[in-house]
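K.L.:
This structure is in structure tokens; I'll ask about it shortly.
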Amino acid sequence: MAKPSSKPKKSTISSSTDSTSPDNLAQEEDTATATITVTAVEIPELTEQEISDRLHLERKVERAFFEAGKALTELRDRRLYRSTHKTFDEYCLDRFGYNRSRSYQLVDAAVVVDNLQKCPQIVDILPTAEGQVRPMTKLEPQEQQEAWLRAVELAGGKVPTGRIVKDVVQRIMERTQVPNTYQLGEVCQILIKDNPELRGKAGCWGIVSATNEFSCTVRMWDGEYAVGLQHLKSYDYLPAECEQMQVICDRISQVYSSGLEESVQRFLEMLGKLNRAYLTALEEKLLGVLEMECKEPR
């Protein structure tokens, strides 16, 4: 009987990866050379009316701060807040979230833009943000126009940044500064000249307590203030009259308080605007009564 062969049979199975079929090869070549066709979408040009509408809307956005300042000015001057709020400051904070500083920044900016519009050389290039206007509020109207024209020139004929305007304003102020000739103890009148930091102090008097290069520290009945030379005007009092005013200032300071009745506060503030170096007999009597009232134990 013959023995079965122990020699393994040769495999006849071949791997499918040894070759690529002609159909698959053709498909790969087609994918590599395929192109994608994109249909162009034509964007129509703006019509004349659309161009006009765009410019109008852009101008409204740019002038938003100006319109806000104009509106706030009218609300303040006509006291349209009086039915709901005691003061303009309270109204702005409650209604718009503007503190006193921000409200008057917008009001003062509107005044400057109004002034710039009066300049024939300033036609289309007007401020587009309150920050571009803020530095110019310290200048006289003619200087504001000069500063803006110079800033536009430095900006290459475009709307200048707030930094450019500030630099131009600084150079103008340095050019117009005069030496400080005020003396300690001199009595001066406060001139606000559209300076929001001195609002409410127009016409008040103060006594020079310190002199700096371009400003003075002025003592008033309710505290001390740093005031630029352009906001001061000497009363040219004699030395004896200056001493009398210092005594009056001391007396008012001792009794003045925000906790006083409004009518009493107004009386004392009126004394703070005297344009003479003495009190009348009635003013002296009324102030004396207030001094006695403050000395009495509560």
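By convention here, the chains of the structure tokens are called A, B, ... in the order presented, each chain's residues are numbered starting at 1, and ligands are numbered starting at 1 in the order presented.
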List every residue of segment 81-155 of chain A that has an atom at most 12 Å from any atom of segment 58-68 of chain A, and for each one report the closest atom pair and its distance in Å to one decimal, counting only C-alpha atoms, with rows sorted by chain and then by increasing residue number, as JSON lines.
P.N.:
```
{"residue": "A:Cys92", "atom": "CA", "partner": "A:Ala68", "partner_atom": "CA", "distance": 11.6}
{"residue": "A:Phe96", "atom": "CA", "partner": "A:Ala68", "partner_atom": "CA", "distance": 10.7}
{"residue": "A:Tyr98", "atom": "CA", "partner": "A:Ala68", "partner_atom": "CA", "distance": 11.4}
{"residue": "A:Arg102", "atom": "CA", "partner": "A:Phe65", "partner_atom": "CA", "distance": 11.1}
{"residue": "A:Ser103", "atom": "CA", "partner": "A:Ala68", "partner_atom": "CA", "distance": 9.2}
{"residue": "A:Tyr104", "atom": "CA", "partner": "A:Ala68", "partner_atom": "CA", "distance": 10.7}
{"residue": "A:Gln105", "atom": "CA", "partner": "A:Phe65", "partner_atom": "CA", "distance": 9.7}
{"residue": "A:Leu106", "atom": "CA", "partner": "A:Phe65", "partner_atom": "CA", "distance": 6.5}
{"residue": "A:Val107", "atom": "CA", "partner": "A:Ala68", "partner_atom": "CA", "distance": 7.8}
{"residue": "A:Asp108", "atom": "CA", "partner": "A:Phe66", "partner_atom": "CA", "distance": 9.5}
{"residue": "A:Ala109", "atom": "CA", "partner": "A:Phe66", "partner_atom": "CA", "distance": 6.8}
{"residue": "A:Ala110", "atom": "CA", "partner": "A:Phe66", "partner_atom": "CA", "distance": 5.0}
{"residue": "A:Val111", "atom": "CA", "partner": "A:Phe66", "partner_atom": "CA", "distance": 8.7}
{"residue": "A:Val112", "atom": "CA", "partner": "A:Phe66", "partner_atom": "CA", "distance": 9.4}
{"residue": "A:Val113", "atom": "CA", "partner": "A:Phe66", "partner_atom": "CA", "distance": 7.3}
{"residue": "A:Asp114", "atom": "CA", "partner": "A:Phe66", "partner_atom": "CA", "distance": 8.8}
{"residue": "A:Asn115", "atom": "CA", "partner": "A:Phe66", "partner_atom": "CA", "distance": 12.0}
{"residue": "A:Leu116", "atom": "CA", "partner": "A:Phe66", "partner_atom": "CA", "distance": 12.0}
{"residue": "A:Gln117", "atom": "CA", "partner": "A:Phe66", "partner_atom": "CA", "distance": 11.9}
{"residue": "A:Asp124", "atom": "CA", "partner": "A:Arg59", "partner_atom": "CA", "distance": 10.0}
{"residue": "A:Ile125", "atom": "CA", "partner": "A:Glu62", "partner_atom": "CA", "distance": 10.9}
{"residue": "A:Leu126", "atom": "CA", "partner": "A:Arg63", "partner_atom": "CA", "distance": 8.9}
{"residue": "A:Pro127", "atom": "CA", "partner": "A:Glu62", "partner_atom": "CA", "distance": 7.7}
{"residue": "A:Thr128", "atom": "CA", "partner": "A:Glu62", "partner_atom": "CA", "distance": 4.5}
{"residue": "A:Ala129", "atom": "CA", "partner": "A:Phe65", "partner_atom": "CA", "distance": 6.5}
{"residue": "A:Glu130", "atom": "CA", "partner": "A:Phe65", "partner_atom": "CA", "distance": 6.1}
{"residue": "A:Gly131", "atom": "CA", "partner": "A:Phe65", "partner_atom": "CA", "distance": 9.8}
{"residue": "A:Gln132", "atom": "CA", "partner": "A:Phe65", "partner_atom": "CA", "distance": 10.9}
{"residue": "A:Val133", "atom": "CA", "partner": "A:Phe66", "partner_atom": "CA", "distance": 10.0}
{"residue": "A:Arg134", "atom": "CA", "partner": "A:Phe65", "partner_atom": "CA", "distance": 11.6}
```
K.L.:
Quick one: everything within 10 Å of Ala226 of chain A, counting only C-alpha atoms, minus sequence neighbours fewer than 6 positions away in the same chain. Send it as a PyMOL selection string.
P.N.:
chain A and resi 197-198+208-212+215-219
K.L.:
Please write the residues from the selection above to a file, keeping all heavy atoms, as a PDB file, in the first residue's frame.
P.N.:
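New file again15.pdb:
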```pdb
ATOM      1  N   GLU A 197     -14.476 121.942  34.266  1.00  0.00           N
ATOM      2  CA  GLU A 197     -13.973 121.692  35.605  1.00  0.00           C
ATOM      3  C   GLU A 197     -14.308 122.844  36.559  1.00  0.00           C
ATOM      4  O   GLU A 197     -14.291 122.667  37.778  1.00  0.00           O
ATOM      5  CB  GLU A 197     -12.454 121.484  35.562  1.00  0.00           C
ATOM      6  CG  GLU A 197     -12.041 120.236  34.773  1.00  0.00           C
ATOM      7  CD  GLU A 197     -10.540 120.095  34.678  1.00  0.00           C
ATOM      8  OE1 GLU A 197      -9.831 120.960  35.229  1.00  0.00           O
ATOM      9  OE2 GLU A 197     -10.082 119.132  34.058  1.00  0.00           O
ATOM     10  N   LEU A 198     -14.611 124.028  35.998  1.00  0.00           N
ATOM     11  CA  LEU A 198     -14.931 125.191  36.828  1.00  0.00           C
ATOM     12  C   LEU A 198     -16.408 125.545  36.754  1.00  0.00           C
ATOM     13  O   LEU A 198     -16.810 126.623  37.190  1.00  0.00           O
ATOM     14  CB  LEU A 198     -14.089 126.400  36.379  1.00  0.00           C
ATOM     15  CG  LEU A 198     -12.577 126.263  36.546  1.00  0.00           C
ATOM     16  CD1 LEU A 198     -11.864 127.467  35.965  1.00  0.00           C
ATOM     17  CD2 LEU A 198     -12.215 126.105  38.016  1.00  0.00           C
ATOM     18  N   VAL A 208      -5.477 133.696  46.043  1.00  0.00           N
ATOM     19  CA  VAL A 208      -4.338 132.911  45.589  1.00  0.00           C
ATOM     20  C   VAL A 208      -3.557 132.395  46.802  1.00  0.00           C
ATOM     21  O   VAL A 208      -3.082 133.179  47.625  1.00  0.00           O
ATOM     22  CB  VAL A 208      -3.415 133.750  44.678  1.00  0.00           C
ATOM     23  CG1 VAL A 208      -2.177 132.945  44.284  1.00  0.00           C
ATOM     24  CG2 VAL A 208      -4.166 134.206  43.431  1.00  0.00           C
ATOM     25  N   SER A 209      -3.462 131.065  46.892  1.00  0.00           N
ATOM     26  CA  SER A 209      -2.733 130.464  48.014  1.00  0.00           C
ATOM     27  C   SER A 209      -1.425 129.813  47.569  1.00  0.00           C
ATOM     28  O   SER A 209      -0.597 129.459  48.406  1.00  0.00           O
ATOM     29  CB  SER A 209      -3.609 129.426  48.720  1.00  0.00           C
ATOM     30  OG  SER A 209      -4.007 128.403  47.815  1.00  0.00           O
ATOM     31  N   ALA A 210      -1.254 129.632  46.251  1.00  0.00           N
ATOM     32  CA  ALA A 210       0.000 129.080  45.714  1.00  0.00           C
ATOM     33  C   ALA A 210       0.091 129.458  44.243  1.00  0.00           C
ATOM     34  O   ALA A 210      -0.928 129.556  43.552  1.00  0.00           O
ATOM     35  CB  ALA A 210       0.043 127.564  45.885  1.00  0.00           C
ATOM     36  N   THR A 211       1.299 129.675  43.766  1.00  0.00           N
ATOM     37  CA  THR A 211       1.510 130.038  42.359  1.00  0.00           C
ATOM     38  C   THR A 211       2.370 128.986  41.674  1.00  0.00           C
ATOM     39  O   THR A 211       3.363 128.513  42.250  1.00  0.00           O
ATOM     40  CB  THR A 211       2.190 131.416  42.242  1.00  0.00           C
ATOM     41  OG1 THR A 211       3.434 131.394  42.953  1.00  0.00           O
ATOM     42  CG2 THR A 211       1.313 132.521  42.806  1.00  0.00           C
ATOM     43  N   ASN A 212       1.970 128.610  40.477  1.00  0.00           N
ATOM     44  CA  ASN A 212       2.720 127.660  39.663  1.00  0.00           C
ATOM     45  C   ASN A 212       3.084 128.334  38.348  1.00  0.00           C
ATOM     46  O   ASN A 212       2.787 129.515  38.134  1.00  0.00           O
ATOM     47  CB  ASN A 212       1.873 126.402  39.423  1.00  0.00           C
ATOM     48  CG  ASN A 212       1.339 125.830  40.719  1.00  0.00           C
ATOM     49  OD1 ASN A 212       2.105 125.510  41.624  1.00  0.00           O
ATOM     50  ND2 ASN A 212       0.022 125.724  40.829  1.00  0.00           N
ATOM     51  N   SER A 215      -0.454 128.217  36.367  1.00  0.00           N
ATOM     52  CA  SER A 215      -1.703 128.143  37.109  1.00  0.00           C
ATOM     53  C   SER A 215      -1.493 128.663  38.526  1.00  0.00           C
ATOM     54  O   SER A 215      -0.365 128.911  38.959  1.00  0.00           O
ATOM     55  CB  SER A 215      -2.218 126.697  37.158  1.00  0.00           C
ATOM     56  OG  SER A 215      -1.344 125.887  37.922  1.00  0.00           O
ATOM     57  N   CYS A 216      -2.600 128.813  39.237  1.00  0.00           N
ATOM     58  CA  CYS A 216      -2.565 129.200  40.641  1.00  0.00           C
ATOM     59  C   CYS A 216      -3.488 128.278  41.429  1.00  0.00           C
ATOM     60  O   CYS A 216      -4.493 127.801  40.905  1.00  0.00           O
ATOM     61  CB  CYS A 216      -3.052 130.640  40.827  1.00  0.00           C
ATOM     62  SG  CYS A 216      -1.927 131.908  40.204  1.00  0.00           S
ATOM     63  N   THR A 217      -3.137 128.039  42.676  1.00  0.00           N
ATOM     64  CA  THR A 217      -4.066 127.379  43.583  1.00  0.00           C
ATOM     65  C   THR A 217      -4.869 128.481  44.256  1.00  0.00           C
ATOM     66  O   THR A 217      -4.289 129.395  44.863  1.00  0.00           O
ATOM     67  CB  THR A 217      -3.325 126.549  44.639  1.00  0.00           C
ATOM     68  OG1 THR A 217      -2.538 125.558  43.978  1.00  0.00           O
ATOM     69  CG2 THR A 217      -4.314 125.865  45.576  1.00  0.00           C
ATOM     70  N   VAL A 218      -6.177 128.397  44.100  1.00  0.00           N
ATOM     71  CA  VAL A 218      -7.051 129.471  44.593  1.00  0.00           C
ATOM     72  C   VAL A 218      -7.942 128.924  45.705  1.00  0.00           C
ATOM     73  O   VAL A 218      -8.612 127.903  45.535  1.00  0.00           O
ATOM     74  CB  VAL A 218      -7.919 130.035  43.448  1.00  0.00           C
ATOM     75  CG1 VAL A 218      -8.858 131.112  43.975  1.00  0.00           C
ATOM     76  CG2 VAL A 218      -7.032 130.610  42.351  1.00  0.00           C
ATOM     77  N   ARG A 219      -7.949 129.610  46.840  1.00  0.00           N
ATOM     78  CA  ARG A 219      -8.772 129.208  47.975  1.00  0.00           C
ATOM     79  C   ARG A 219     -10.116 129.910  47.901  1.00  0.00           C
ATOM     80  O   ARG A 219     -10.187 131.140  47.785  1.00  0.00           O
ATOM     81  CB  ARG A 219      -8.065 129.557  49.276  1.00  0.00           C
ATOM     82  CG  ARG A 219      -8.867 129.189  50.520  1.00  0.00           C
ATOM     83  CD  ARG A 219      -8.006 129.329  51.767  1.00  0.00           C
ATOM     84  NE  ARG A 219      -8.822 129.173  52.968  1.00  0.00           N
ATOM     85  CZ  ARG A 219      -9.083 130.172  53.814  1.00  0.00           C
ATOM     86  NH1 ARG A 219      -8.594 131.378  53.586  1.00  0.00           N
ATOM     87  NH2 ARG A 219      -9.821 129.959  54.886  1.00  0.00           N
TER      88      ARG A 219
END
```
K.L.:
So that I can check the secondary structure, give me every residue of segment 84-297 of chain A assigned strand (DSSP E or B) by backbone DSSP, as a list in words.
P.N.:
Val187, Cys188, Gln189, Ile190, Trp205, Gly206, Ile207, Val208, Ser209, Ala210, Thr211, Ser215, Cys216, Thr217, Val218, Arg219, Met220, Gly223, Glu224, Tyr225, Ala226, Val227, Gly228, Leu232, Lys233 and Ser234 of chain A
K.L.:
From the set A:Lys233, A:Gln49, A:His85, A:Gln244, which residue has the shortest atom-to-atom contact distance to Ala277 of chain A, counting only C-alpha atoms?
P.N.:
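Residue with the minimum atom-to-atom distance to Ala277 of chain A: A:Gln244.
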K.L.:
Skipping near chain neighbours, those fewer than 5 positions away, what residues fall within 12 Å of Asp94 of chain A using only C-alpha atoms, listed as a PyMOL selection string?
P.N.:
chain A and resi 81+84-89+99-100+103
K.L.:
As JSON, numbers by chain, please: every residue in segment 89-262 of chain A that DSSP puts in alpha helix (DSSP H).
P.N.:
{"A": [89, 90, 91, 92, 93, 94, 95, 96, 100, 101, 102, 103, 104, 105, 106, 107, 108, 109, 110, 111, 112, 113, 114, 115, 116, 130, 131, 132, 133, 141, 142, 143, 144, 145, 146, 147, 148, 149, 150, 151, 152, 153, 154, 162, 163, 164, 165, 166, 167, 168, 169, 170, 171, 172, 173, 174, 175, 176, 239, 240, 241, 242, 243, 244, 245, 246, 247, 248, 249, 250, 251, 252, 253, 254, 255, 262]}
K.L.:
Do you have the atom CA of Trp221 of chain A-atom CA of Tyr278 of chain A distance handy?
P.N.:
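Interatomic distance, atom CA of Trp221 of chain A to atom CA of Tyr278 of chain A: 15.2 Å.
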K.L.:
By how many Å are atom CA of Ile190 of chain A and atom CA of Leu232 of chain A apart?
P.N.:
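Here the two named atoms are 5.2 Å from each other.
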K.L.:
So which residues touch Leu286 of chain A within 12 Å, counting only C-alpha atoms, skipping near sequence neighbours fewer than 6 positions away, as a PDB file with N, CA and C atoms, in the first residue's frame?
P.N.:
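So result_30.pdb came out as:
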```pdb
ATOM      1  N   ARG A 251     -14.590 133.166  57.349  1.00  0.00           N
ATOM      2  CA  ARG A 251     -15.877 133.126  58.038  1.00  0.00           C
ATOM      3  C   ARG A 251     -16.900 132.283  57.268  1.00  0.00           C
ATOM      4  N   ILE A 252     -16.924 132.452  55.953  1.00  0.00           N
ATOM      5  CA  ILE A 252     -17.871 131.675  55.147  1.00  0.00           C
ATOM      6  C   ILE A 252     -17.513 130.196  55.194  1.00  0.00           C
ATOM      7  N   VAL A 255     -18.824 128.208  58.239  1.00  0.00           N
ATOM      8  CA  VAL A 255     -20.258 127.914  58.377  1.00  0.00           C
ATOM      9  C   VAL A 255     -20.830 127.190  57.162  1.00  0.00           C
ATOM     10  N   VAL A 264     -30.054 128.878  52.759  1.00  0.00           N
ATOM     11  CA  VAL A 264     -28.845 129.322  53.467  1.00  0.00           C
ATOM     12  C   VAL A 264     -27.621 129.115  52.588  1.00  0.00           C
ATOM     13  N   PHE A 267     -27.392 131.827  50.030  1.00  0.00           N
ATOM     14  CA  PHE A 267     -26.923 133.091  50.600  1.00  0.00           C
ATOM     15  C   PHE A 267     -25.403 133.106  50.695  1.00  0.00           C
ATOM     16  N   LEU A 268     -24.844 132.011  51.220  1.00  0.00           N
ATOM     17  CA  LEU A 268     -23.392 131.942  51.354  1.00  0.00           C
ATOM     18  C   LEU A 268     -22.704 131.933  49.998  1.00  0.00           C
ATOM     19  N   LEU A 271     -22.462 135.348  48.705  1.00  0.00           N
ATOM     20  CA  LEU A 271     -21.326 136.072  49.275  1.00  0.00           C
ATOM     21  C   LEU A 271     -20.035 135.686  48.562  1.00  0.00           C
ATOM     22  N   LEU A 279     -18.629 143.562  53.374  1.00  0.00           N
ATOM     23  CA  LEU A 279     -20.012 143.125  53.522  1.00  0.00           C
ATOM     24  C   LEU A 279     -20.877 144.318  53.882  1.00  0.00           C
ATOM     25  N   THR A 280     -22.108 144.324  53.382  1.00  0.00           N
ATOM     26  CA  THR A 280     -23.047 145.365  53.809  1.00  0.00           C
ATOM     27  C   THR A 280     -23.470 145.074  55.250  1.00  0.00           C
ATOM     28  N   MET A 292     -23.285 132.295  64.911  1.00  0.00           N
ATOM     29  CA  MET A 292     -23.789 131.989  66.249  1.00  0.00           C
ATOM     30  C   MET A 292     -24.536 130.665  66.268  1.00  0.00           C
ATOM     31  N   GLU A 293     -25.311 130.405  65.211  1.00  0.00           N
ATOM     32  CA  GLU A 293     -26.070 129.171  65.120  1.00  0.00           C
ATOM     33  C   GLU A 293     -25.134 127.958  65.078  1.00  0.00           C
TER      34      GLU A 293
END
```
K.L.:
Could you check how far atom CA of Val168 of chain A sits from atom CA of Phe214 of chain A, in Å to one decimal?
P.N.:
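Distance between the two atoms: 18.1 Å.
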K.L.:
Can you pull out the residues contacting Leu238 of chain A? Cut-off 12 Å, using only C-alpha atoms, and skip same-chain residues under 6 positions away; I want them as JSON, numbers by chain.
P.N.:
{"A": [185, 186, 187, 244, 245, 276, 277]}
K.L.:
Considering only C-alpha atoms, can you say which of A:Ser253, A:Leu75, A:Val165, A:Lys273 comes closest to Arg150 of chain A?
P.N.:
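For Arg150 of chain A, the nearest of the candidates is A:Val165.
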